[in-house]
Each structure stands twice: as C-alpha cells, then as structure tokens.
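Source file: my_file_35.cif (mmCIF, C-alpha atoms and all ligand atoms)
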```cif
data_data
#
loop_
_atom_site.label_atom_id
_atom_site.label_comp_id
_atom_site.auth_asym_id
_atom_site.auth_seq_id
_atom_site.Cartn_x
_atom_site.Cartn_y
_atom_site.Cartn_z
CA MET A 1 38.62 43.12 -20.35
CA ASN A 2 37.08 46.57 -20.15
CA TYR A 3 39.94 48.44 -21.71
CA SER A 4 39.25 51.52 -23.72
CA HIS A 5 39.92 51.26 -27.44
CA GLN A 6 43.08 53.32 -27.14
CA GLN A 7 44.47 51.27 -24.28
CA ALA A 8 43.89 47.90 -25.90
CA PRO A 9 44.55 47.85 -29.61
CA GLN A 10 45.33 44.11 -29.50
CA GLN A 11 42.03 42.91 -28.10
CA GLU A 12 40.73 39.65 -29.54
CA ARG A 13 37.72 37.45 -28.98
CA LEU A 14 38.33 34.95 -26.21
CA GLN A 15 37.40 31.86 -28.27
CA LYS A 16 39.76 32.97 -31.04
CA VAL A 17 42.63 33.34 -28.59
CA ILE A 18 41.94 29.92 -27.04
CA ALA A 19 41.89 28.34 -30.51
CA ARG A 20 45.04 30.13 -31.66
CA LEU A 21 46.85 28.92 -28.57
CA GLY A 22 46.05 25.36 -29.58
CA ILE A 23 43.99 24.63 -26.47
CA ALA A 24 40.86 23.73 -28.44
CA SER A 25 39.22 24.37 -31.80
CA ARG A 26 37.26 27.63 -31.97
CA ARG A 27 33.96 25.77 -31.74
CA HIS A 28 35.13 23.71 -28.83
CA ALA A 29 36.44 26.89 -27.16
CA GLU A 30 32.93 28.38 -27.49
CA GLU A 31 31.52 25.31 -25.75
CA LEU A 32 34.07 25.60 -22.94
CA ILE A 33 33.19 29.28 -22.49
CA SER A 34 29.41 28.62 -22.53
CA GLU A 35 29.84 25.83 -19.99
CA GLY A 36 31.58 28.21 -17.58
CA LEU A 37 34.93 26.48 -17.82
CA VAL A 38 36.94 29.55 -18.80
CA LYS A 39 38.14 32.22 -16.40
CA VAL A 40 39.60 35.57 -17.31
CA ASN A 41 41.55 37.26 -14.53
CA GLY A 42 40.08 34.80 -12.03
CA ARG A 43 36.42 35.34 -13.02
CA VAL A 44 34.28 32.91 -15.02
CA VAL A 45 33.33 34.37 -18.38
CA THR A 46 30.40 32.89 -20.31
CA ALA A 47 29.74 35.62 -22.90
CA LEU A 48 31.03 34.47 -26.29
CA GLY A 49 31.75 38.01 -27.48
CA THR A 50 34.18 38.72 -24.64
CA LYS A 51 37.39 40.34 -25.81
CA VAL A 52 40.72 39.90 -24.10
CA SER A 53 44.05 41.67 -24.19
CA PRO A 54 47.58 40.29 -23.90
CA GLN A 55 47.61 41.38 -20.23
CA ASP A 56 44.64 39.17 -19.32
CA LYS A 57 45.17 35.94 -17.46
CA ILE A 58 43.22 33.05 -18.98
CA GLU A 59 42.43 29.75 -17.29
CA VAL A 60 40.68 26.80 -18.87
CA LEU A 61 39.18 24.20 -16.55
CA ASP A 62 38.06 20.67 -17.28
CA ARG A 63 34.61 19.38 -16.42
CA ASN A 64 35.73 18.49 -12.88
CA GLN A 65 36.69 22.14 -12.47
CA LYS A 66 40.35 21.23 -12.43
CA LYS A 67 42.77 23.64 -13.98
CA VAL A 68 43.90 22.45 -17.39
CA VAL A 69 45.66 25.41 -18.85
CA ARG A 70 46.73 28.68 -17.37
CA ARG A 71 48.05 31.68 -19.21
CA ASP A 72 49.32 34.57 -17.19
CA SER A 73 49.32 36.59 -20.34
CA VAL A 74 47.80 35.51 -23.62
CA GLY A 75 50.50 37.48 -25.37
CA GLU A 76 53.09 35.03 -24.11
CA GLN A 77 54.09 31.86 -25.85
CA VAL A 78 51.84 29.04 -24.86
CA LYS A 79 53.64 26.33 -22.97
CA TYR A 80 52.36 23.28 -24.80
CA ILE A 81 50.38 22.81 -27.97
CA TYR A 82 49.18 19.59 -29.58
CA TYR A 83 48.03 18.92 -33.15
CA LEU A 84 46.74 15.84 -34.88
CA LEU A 85 47.68 15.71 -38.58
CA HIS A 86 46.55 13.32 -41.30
CA LYS A 87 49.94 12.90 -42.94
CA PRO A 88 49.52 12.23 -46.66
CA GLU A 89 51.79 9.84 -48.55
CA GLY A 90 54.81 11.51 -50.14
CA VAL A 91 55.61 13.78 -47.18
CA ILE A 92 58.56 13.33 -44.86
CA THR A 93 58.15 13.13 -41.06
CA SER A 94 60.85 15.59 -40.20
CA VAL A 95 61.23 19.29 -39.48
CA TYR A 96 63.75 19.72 -42.30
CA ASP A 97 64.74 17.67 -45.32
CA PRO A 98 68.16 18.26 -46.91
CA GLN A 99 66.67 16.90 -50.17
CA HIS A 100 63.96 19.59 -50.02
CA ARG A 101 61.04 17.18 -50.05
CA LYS A 102 57.83 18.39 -48.44
CA THR A 103 57.83 17.90 -44.64
CA VAL A 104 54.97 17.57 -42.17
CA ILE A 105 55.95 20.98 -40.81
CA ASP A 106 55.42 22.51 -44.28
CA LEU A 107 51.80 21.33 -44.05
CA ILE A 108 51.03 23.23 -40.85
CA ARG A 109 53.44 26.15 -41.05
CA GLN A 110 50.91 28.70 -42.23
CA ASP A 111 48.61 28.17 -39.26
CA VAL A 112 50.90 26.99 -36.49
CA LYS A 113 53.51 29.61 -35.73
CA GLN A 114 55.03 27.87 -32.72
CA ARG A 115 57.67 25.23 -33.06
CA VAL A 116 56.30 21.70 -32.81
CA TYR A 117 57.87 18.31 -33.47
CA PRO A 118 56.47 15.04 -34.79
CA VAL A 119 55.86 12.34 -32.18
CA GLY A 120 57.69 9.37 -33.66
CA ARG A 121 57.66 8.90 -37.40
CA LEU A 122 55.69 7.59 -40.32
CA ASP A 123 57.50 6.50 -43.49
CA TYR A 124 57.44 8.72 -46.57
CA ASP A 125 54.96 6.29 -48.17
CA THR A 126 52.77 5.82 -45.09
CA SER A 127 49.76 8.04 -44.47
CA GLY A 128 47.70 8.62 -41.37
CA LEU A 129 47.63 9.89 -37.83
CA LEU A 130 50.66 11.88 -36.73
CA LEU A 131 50.80 13.86 -33.53
CA LEU A 132 52.80 17.11 -33.42
CA THR A 133 53.64 18.87 -30.18
CA ASN A 134 56.21 20.80 -28.19
CA ASP A 135 55.49 18.73 -25.05
CA GLY A 136 58.80 16.92 -24.68
CA ASP A 137 57.85 14.71 -21.71
CA LEU A 138 54.82 13.42 -23.54
CA THR A 139 56.78 12.82 -26.75
CA TYR A 140 59.44 10.89 -24.88
CA ARG A 141 56.92 8.62 -23.20
CA LEU A 142 54.73 8.09 -26.26
CA THR A 143 57.73 6.95 -28.28
CA HIS A 144 59.59 4.93 -25.63
CA PRO A 145 58.92 1.16 -25.98
CA ARG A 146 58.61 0.85 -22.17
CA PHE A 147 55.25 2.62 -22.27
CA GLU A 148 53.86 0.22 -24.89
CA VAL A 149 51.57 2.74 -26.56
CA LYS A 150 49.30 0.96 -29.02
CA LYS A 151 49.40 1.98 -32.68
CA THR A 152 46.83 0.68 -35.14
CA TYR A 153 47.39 0.47 -38.89
CA LYS A 154 45.41 -0.42 -41.97
CA ALA A 155 47.67 -2.47 -44.23
CA TRP A 156 46.84 -3.27 -47.87
CA VAL A 157 48.36 -6.38 -49.47
CA LYS A 158 47.90 -8.00 -52.88
CA GLY A 159 45.64 -11.04 -53.08
CA ARG A 160 43.96 -12.93 -50.29
CA ILE A 161 46.20 -13.06 -47.22
CA SER A 162 46.59 -16.59 -45.84
CA ALA A 163 45.44 -17.72 -42.40
CA GLU A 164 49.00 -18.89 -41.79
CA ALA A 165 50.44 -15.41 -42.41
CA ILE A 166 47.85 -13.91 -40.04
CA LYS A 167 48.76 -16.49 -37.38
CA THR A 168 52.48 -15.65 -37.68
CA LEU A 169 51.75 -11.91 -37.35
CA GLN A 170 49.74 -12.67 -34.21
CA GLU A 171 52.42 -14.86 -32.68
CA GLY A 172 55.49 -12.75 -33.52
CA VAL A 173 57.55 -12.38 -36.68
CA LYS A 174 61.28 -13.01 -36.94
CA LEU A 175 62.98 -9.87 -38.26
CA GLN A 176 66.68 -9.12 -38.60
CA ASP A 177 66.63 -7.10 -35.37
CA GLY A 178 64.64 -9.61 -33.33
CA ILE A 179 61.24 -11.23 -32.99
CA THR A 180 58.30 -8.84 -32.86
CA ALA A 181 55.91 -8.90 -29.92
CA PRO A 182 52.57 -10.57 -30.77
CA ALA A 183 50.44 -8.21 -32.87
CA LYS A 184 46.69 -7.90 -32.53
CA ILE A 185 44.78 -8.51 -35.76
CA ILE A 186 41.59 -6.54 -35.48
CA LYS A 187 40.04 -7.17 -38.87
CA VAL A 188 40.80 -8.79 -42.24
CA GLN A 189 38.72 -7.78 -45.24
CA GLN A 190 38.85 -8.33 -48.97
CA ALA A 191 38.86 -5.14 -51.02
CA ASN A 192 38.16 -4.62 -54.72
CA ARG A 193 36.16 -6.84 -56.98
CA GLY A 194 37.78 -10.22 -57.45
CA ASN A 195 39.37 -9.97 -53.99
CA SER A 196 42.54 -8.58 -55.51
CA LEU A 197 43.50 -6.82 -52.26
CA SER A 198 43.29 -7.70 -48.56
CA VAL A 199 43.00 -5.00 -45.92
CA VAL A 200 44.36 -5.97 -42.52
CA GLU A 201 43.85 -3.87 -39.39
CA ILE A 202 46.75 -4.54 -37.08
CA SER A 203 47.81 -3.13 -33.69
CA ILE A 204 51.37 -3.14 -32.39
CA HIS A 205 53.00 -1.42 -29.43
CA GLU A 206 56.64 -1.53 -30.52
CA GLY A 207 58.27 1.04 -32.76
CA LYS A 208 60.99 -0.67 -34.75
CA ASN A 209 61.99 1.05 -37.96
CA ARG A 210 59.53 0.25 -40.79
CA GLN A 211 58.16 -2.45 -38.53
CA VAL A 212 54.76 -3.10 -40.10
CA ARG A 213 56.18 -3.17 -43.63
CA ARG A 214 58.91 -5.58 -42.58
CA MET A 215 56.48 -7.82 -40.70
CA PHE A 216 54.26 -8.24 -43.76
CA GLU A 217 57.25 -8.73 -46.04
CA ALA A 218 58.54 -11.44 -43.70
CA VAL A 219 55.27 -13.38 -43.96
CA GLY A 220 55.31 -13.10 -47.76
CA TYR A 221 52.95 -10.17 -48.33
CA PRO A 222 54.78 -6.92 -49.16
CA LEU A 223 52.50 -3.95 -48.49
CA VAL A 224 50.95 -1.91 -51.25
CA GLY A 225 49.61 0.68 -48.80
CA LEU A 226 49.85 1.58 -45.11
CA GLN A 227 47.85 4.02 -43.03
CA ARG A 228 47.95 4.64 -39.28
CA ILE A 229 44.38 4.94 -38.01
CA ALA A 230 44.92 5.16 -34.24
CA PHE A 231 47.61 6.17 -31.80
CA GLY A 232 46.95 5.38 -28.14
CA PRO A 233 43.49 6.78 -27.42
CA LEU A 234 43.47 9.03 -30.53
CA LYS A 235 41.71 8.09 -33.76
CA LEU A 236 42.16 9.45 -37.28
CA ASN A 237 38.41 9.32 -38.01
CA ASN A 238 37.30 11.61 -40.83
CA LEU A 239 40.30 13.90 -41.09
CA LYS A 240 41.35 14.12 -44.76
CA PRO A 241 44.99 13.76 -45.94
CA GLY A 242 46.78 17.04 -45.26
CA GLU A 243 44.18 18.23 -42.73
CA PHE A 244 45.06 18.86 -39.09
CA ARG A 245 43.35 20.03 -35.92
CA PRO A 246 44.34 20.96 -32.37
CA LEU A 247 43.69 18.23 -29.80
CA LYS A 248 40.82 18.82 -27.42
CA VAL A 249 41.68 19.38 -23.78
CA GLN A 250 40.18 15.98 -22.90
CA GLU A 251 42.24 14.27 -25.62
CA VAL A 252 45.46 15.71 -24.22
CA ALA A 253 44.43 14.55 -20.75
CA ARG A 254 43.71 11.02 -22.05
CA LEU A 255 47.07 10.86 -23.83
CA ARG A 256 48.99 12.09 -20.80
CA LYS A 257 47.10 9.70 -18.52
CA GLU A 258 47.96 6.80 -20.84
CA VAL A 259 51.67 7.33 -20.14
CA GLY A 260 51.37 8.26 -16.47
CA LEU A 261 51.71 12.05 -16.75
CA ASN A 262 49.76 14.64 -14.80
CA THR A 263 46.53 15.49 -16.59
CA THR A 264 45.60 18.77 -14.96
CA GLU A 265 48.66 20.94 -14.40
CA TYR A 266 51.24 20.97 -17.19
N1 LIG B 301 55.51 0.73 -39.65
C1 LIG B 301 56.00 0.94 -40.89
O1 LIG B 301 56.48 0.02 -41.53
N2 LIG B 301 55.94 2.17 -41.39
C2 LIG B 301 55.41 3.22 -40.73
O2 LIG B 301 55.37 4.33 -41.26
C3 LIG B 301 54.91 2.99 -39.44
C4 LIG B 301 54.97 1.73 -38.94
#
```

For this file, produce the structure as structure tokens.
Ligand code: URA
Amino acid sequence: MNYSHQQAPQQERLQKVIARLGIASRRHAEELISEGLVKVNGRVVTALGTKVSPQDKIEVLDRNQKKVVRRDSVGEQVKYIYYLLHKPEGVITSVYDPQHRKTVIDLIRQDVKQRVYPVGRLDYDTSGLLLLTNDGDLTYRLTHPRFEVKKTYKAWVKGRISAEAIKTLQEGVKLQDGITAPAKIIKVQQANRGNSLSVVEISIHEGKNRQVRRMFEAVGYPLVGLQRIAFGPLKLNNLKPGEFRPLKVQEVARLRKEVGLNTTEY
C-alpha cells in the first residue's frame, strides 16, 4: 500500500489478488474485505479499491477471526488452492493423456496457472463434481477409504428399476472384487414420458474402480448416464458442464474438518 507509481508497477486490487490466488471468488473476496476479514501488513483493510503490491503481506480471517490464509508476499506461489469443476462427459480425469484426449486440466489451464491435481477420478463417460487442488494431505484423506467420504451420484437406467434391484443396492452388491458396503438410495424417479428412464440418486463412501456402474450392472440395470452431484459437504448445484470456481474459504474448512484436518492454519 501507499507506494508511488514508480515504486510499485505491479500493484493490483486486493479483491483481484485474493481471487487469483484461489482463496475466494472476486465477489466473495469483496465481501470478506467489506466485513473486515482481510488484513494487509497486519492492518484490517475494508476499502474495496485498495491496491496491493507483491511485497504486501495479506491475511484472510474467517468469521471467528481465525487466520485462514496468510501470504507473506502476494507475489509468491500460494500454498494451497482448491477448485470445483463440473467435469463434462468425454473428458479424462488426468493431468496428461498419452492418447491426446481432452483432460480436466485442459479445461482450467487458461485461468489456473498453478499446478493442481484431480481428487480421485470420474470415468471418461461420467460428468459432475470434481475437486482439483494442490493440497496433498486433503487429497490423500478424501480418497482413502478409511475416511469414508460420502459421494452422491445421479444414475440413469433404462426402464423402471425394480424394488428388488434397489434393495440389493441398499444391502450390498457382490462384485468381482468383493461385496460393496450398503449404499444409501436417496431418491428414485421416473424420467421421460412413458417412464422410459429411471433416475436413482445414490450415495456411497467407497471408491472402487467404476463402482457405481458395476453395481447397477450387477443388479441388471446397466447405466445410460452417471453424474456426481455431491462430494462430502460440497454440492454441484448450478455449475454448468465445463464450468469451475474456486472453493470458498468456509467450504475448504468444511472439507478439511470432514477428514480431521486443521481448518484454520494450513
Ligand atoms: N462410479 C463409477 O462407476 N464411475 C465414476 O466415474 C464414479 C463412480
């Protein structure tokens, strides 16, 4: 702050810097600033027009005034960033594909310059919520079966799914690599005129390869579509296929809390 023009050619608006660092969207960053939750060089800044330089130290606090993020210099690489992507069908969950198919990283590359990795995977033909981050501890815990993070899917099958198939999904399905843990069936609806499709909302906490597809196949209803609509406390909501957004500070805290990680200093 308060640098002359010559001294600080790289000055940027505070909310833009916070957004670029992946701490919050620009609008959310403006809210954090207005609410007095952002400090620059140890002093609370509430003016939205405030400009900062790479030398400035930025701190973002949560509503309990606990430190959430600290940057000793905004010019440095941010430690952790978190994005929620609506992965479209026909895109591979990988950072590189030897067959040169489009990857989830291709979708965000233009806006996200830092290296991030997908948290777990969605099949090429599955759409929906995919988290991308460089927070290795969080990724490990979110994908390790021991932490039993709940994943919810919308599954489309042909025809009217039988009560017996639903019961088997709820009790556990015998697959080649073992019996699945009981799944929670949240909703079953008929789609299309003539009830030609059933839509089943199902939650599981395991992460076997192609698990949901194999579970439905095993009960006699191969899937015609699959979308992940929730991952732990995160929901896909209205994000369109191919769209992505940074997680809010509170969302990161909820995710980390879910798997027993510190929610204030990381
Ligand atoms: N289960 C599947 O079968 N596919 C996915 O992409 C995710 C879960």

Which residues are near ligand LIG 301 (chain B) in this structure, taking near to mean any atom at most 7 Å from a ligand atom and counting only C-alpha atoms and all ligand atoms? Format them as an NGL selection string. :A and (121-123 or 126 or 209-214)

Residues near Leu32 (chain A), anyone? I mean within 10 Å using all atoms listed in the file, not counting same-chain ones fewer than 4 positions away, as an MDAnalysis selection string. chainID A and resid 15 18 24 26:28 36:38 45:46 48 60:63 249

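Rounded to one decimal, CA of Glu59 (chain A) and CA of Asn237 (chain A) lie 29.4 Å from each other.
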
Would you pick out the contacts of Phe147 (chain A) at 12 Å or less, using only C-alpha atoms, so that residues sharing its chain but fewer than 6 positions from it are not included, and give the list as a PDB file with C-alpha atoms, in the frame of the given file?
```pdb
ATOM      1  CA  LEU A 138      54.820  13.420 -23.540  1.00  0.00           C
ATOM      2  CA  THR A 139      56.780  12.820 -26.750  1.00  0.00           C
ATOM      3  CA  TYR A 140      59.440  10.890 -24.880  1.00  0.00           C
ATOM      4  CA  ARG A 141      56.920   8.620 -23.200  1.00  0.00           C
ATOM      5  CA  HIS A 205      53.000  -1.420 -29.430  1.00  0.00           C
ATOM      6  CA  GLU A 206      56.640  -1.530 -30.520  1.00  0.00           C
ATOM      7  CA  GLY A 207      58.270   1.040 -32.760  1.00  0.00           C
ATOM      8  CA  GLY A 232      46.950   5.380 -28.140  1.00  0.00           C
ATOM      9  CA  LEU A 255      47.070  10.860 -23.830  1.00  0.00           C
ATOM     10  CA  ARG A 256      48.990  12.090 -20.800  1.00  0.00           C
ATOM     11  CA  LYS A 257      47.100   9.700 -18.520  1.00  0.00           C
ATOM     12  CA  GLU A 258      47.960   6.800 -20.840  1.00  0.00           C
ATOM     13  CA  VAL A 259      51.670   7.330 -20.140  1.00  0.00           C
ATOM     14  CA  GLY A 260      51.370   8.260 -16.470  1.00  0.00           C
ATOM     15  CA  LEU A 261      51.710  12.050 -16.750  1.00  0.00           C
TER      16      LEU A 261
END
```

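Nearest residue to Gly242 (chain A) among A:Glu265, A:Glu171, A:Glu12, A:Asp106 is A:Asp106, counting all atoms listed in the file.
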
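Restricting the calculation to all atoms listed in the file, the smallest distance between Ala181 (chain A) and any of A:Met215, A:Ile166, A:Ile161, A:Leu239 is found for A:Met215.
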
By how many Å are CA of Ile204 (chain A) and CA of Ala230 (chain A) apart? 10.7 Å

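With all atoms listed in the file as the basis for measurement, A:Ile81 is the residue among A:Val52, A:Asn41, A:Ile81, A:Val157 that approaches Lys248 (chain A) most closely.
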
Tell me which of A:Arg193, A:Arg43, A:Arg228, A:Arg115 sits closest to Tyr153 (chain A), counting only C-alpha atoms. A:Arg228

Find the distance between CA of Tyr117 (chain A) and CA of Lys16 (chain A) and write it in Å to one decimal. 23.4 Å

As lines of an AutoDock Vina configuration file, what would the box around region 174-184 of chain A look like: edges along x, y and z, 5 Å added on every side, centre and edge lengths in Å to one decimal?
```
center_x = 56.7
center_y = -10.1
center_z = -34.3
size_x = 30.0
size_y = 15.9
size_z = 18.7
```

Show which residues sit within 12 Å of Ser94 (chain A), as a JSON list (two decimals) with C-alpha atoms, keeping the file's coordinate frame. Count all atoms listed in the file, and ignore same-chain residues fewer than 5 positions away.
```
[["chain", "number", "residue", "atom", "x", "y", "z"],
["A", 87, "LYS", "CA", 49.94, 12.90, -42.94],
["A", 99, "GLN", "CA", 66.67, 16.90, -50.17],
["A", 100, "HIS", "CA", 63.96, 19.59, -50.02],
["A", 101, "ARG", "CA", 61.04, 17.18, -50.05],
["A", 102, "LYS", "CA", 57.83, 18.39, -48.44],
["A", 103, "THR", "CA", 57.83, 17.90, -44.64],
["A", 104, "VAL", "CA", 54.97, 17.57, -42.17],
["A", 105, "ILE", "CA", 55.95, 20.98, -40.81],
["A", 106, "ASP", "CA", 55.42, 22.51, -44.28],
["A", 107, "LEU", "CA", 51.80, 21.33, -44.05],
["A", 116, "VAL", "CA", 56.30, 21.70, -32.81],
["A", 117, "TYR", "CA", 57.87, 18.31, -33.47],
["A", 118, "PRO", "CA", 56.47, 15.04, -34.79],
["A", 119, "VAL", "CA", 55.86, 12.34, -32.18],
["A", 120, "GLY", "CA", 57.69, 9.37, -33.66],
["A", 121, "ARG", "CA", 57.66, 8.90, -37.40],
["A", 122, "LEU", "CA", 55.69, 7.59, -40.32],
["A", 123, "ASP", "CA", 57.50, 6.50, -43.49],
["A", 124, "TYR", "CA", 57.44, 8.72, -46.57],
["A", 130, "LEU", "CA", 50.66, 11.88, -36.73],
["A", 132, "LEU", "CA", 52.80, 17.11, -33.42]]
```

Within 8 Å of Trp156 (chain A), counting only C-alpha atoms, which residues show up once you throw out same-chain ones fewer than 4 positions away? Write them as a VMD selection string, please. chain A and resid 197 to 200 223 to 226

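Nearest residue to Ala163 (chain A) among A:Ile58, A:Ala191, A:Val219, A:Ala183 is A:Val219, counting all atoms listed in the file.
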
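Minimum distance to Lys151 (chain A) across A:Tyr221, A:Tyr83, A:Tyr96, A:Phe231 (counting only C-alpha atoms) occurs at A:Phe231.
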
Neighbour list for Lys184 (chain A) as a PDB file with C-alpha atoms, keeping the file's coordinate frame, cut-off 7 Å, all atoms listed in the file, skip fewer than 3 positions in-chain:
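Ended up saving to part_24.pdb:
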```
ATOM      1  CA  GLN A 170      49.740 -12.670 -34.210  1.00  0.00           C
ATOM      2  CA  ILE A 202      46.750  -4.540 -37.080  1.00  0.00           C
ATOM      3  CA  SER A 203      47.810  -3.130 -33.690  1.00  0.00           C
ATOM      4  CA  ILE A 204      51.370  -3.140 -32.390  1.00  0.00           C
TER       5      ILE A 204
END
```
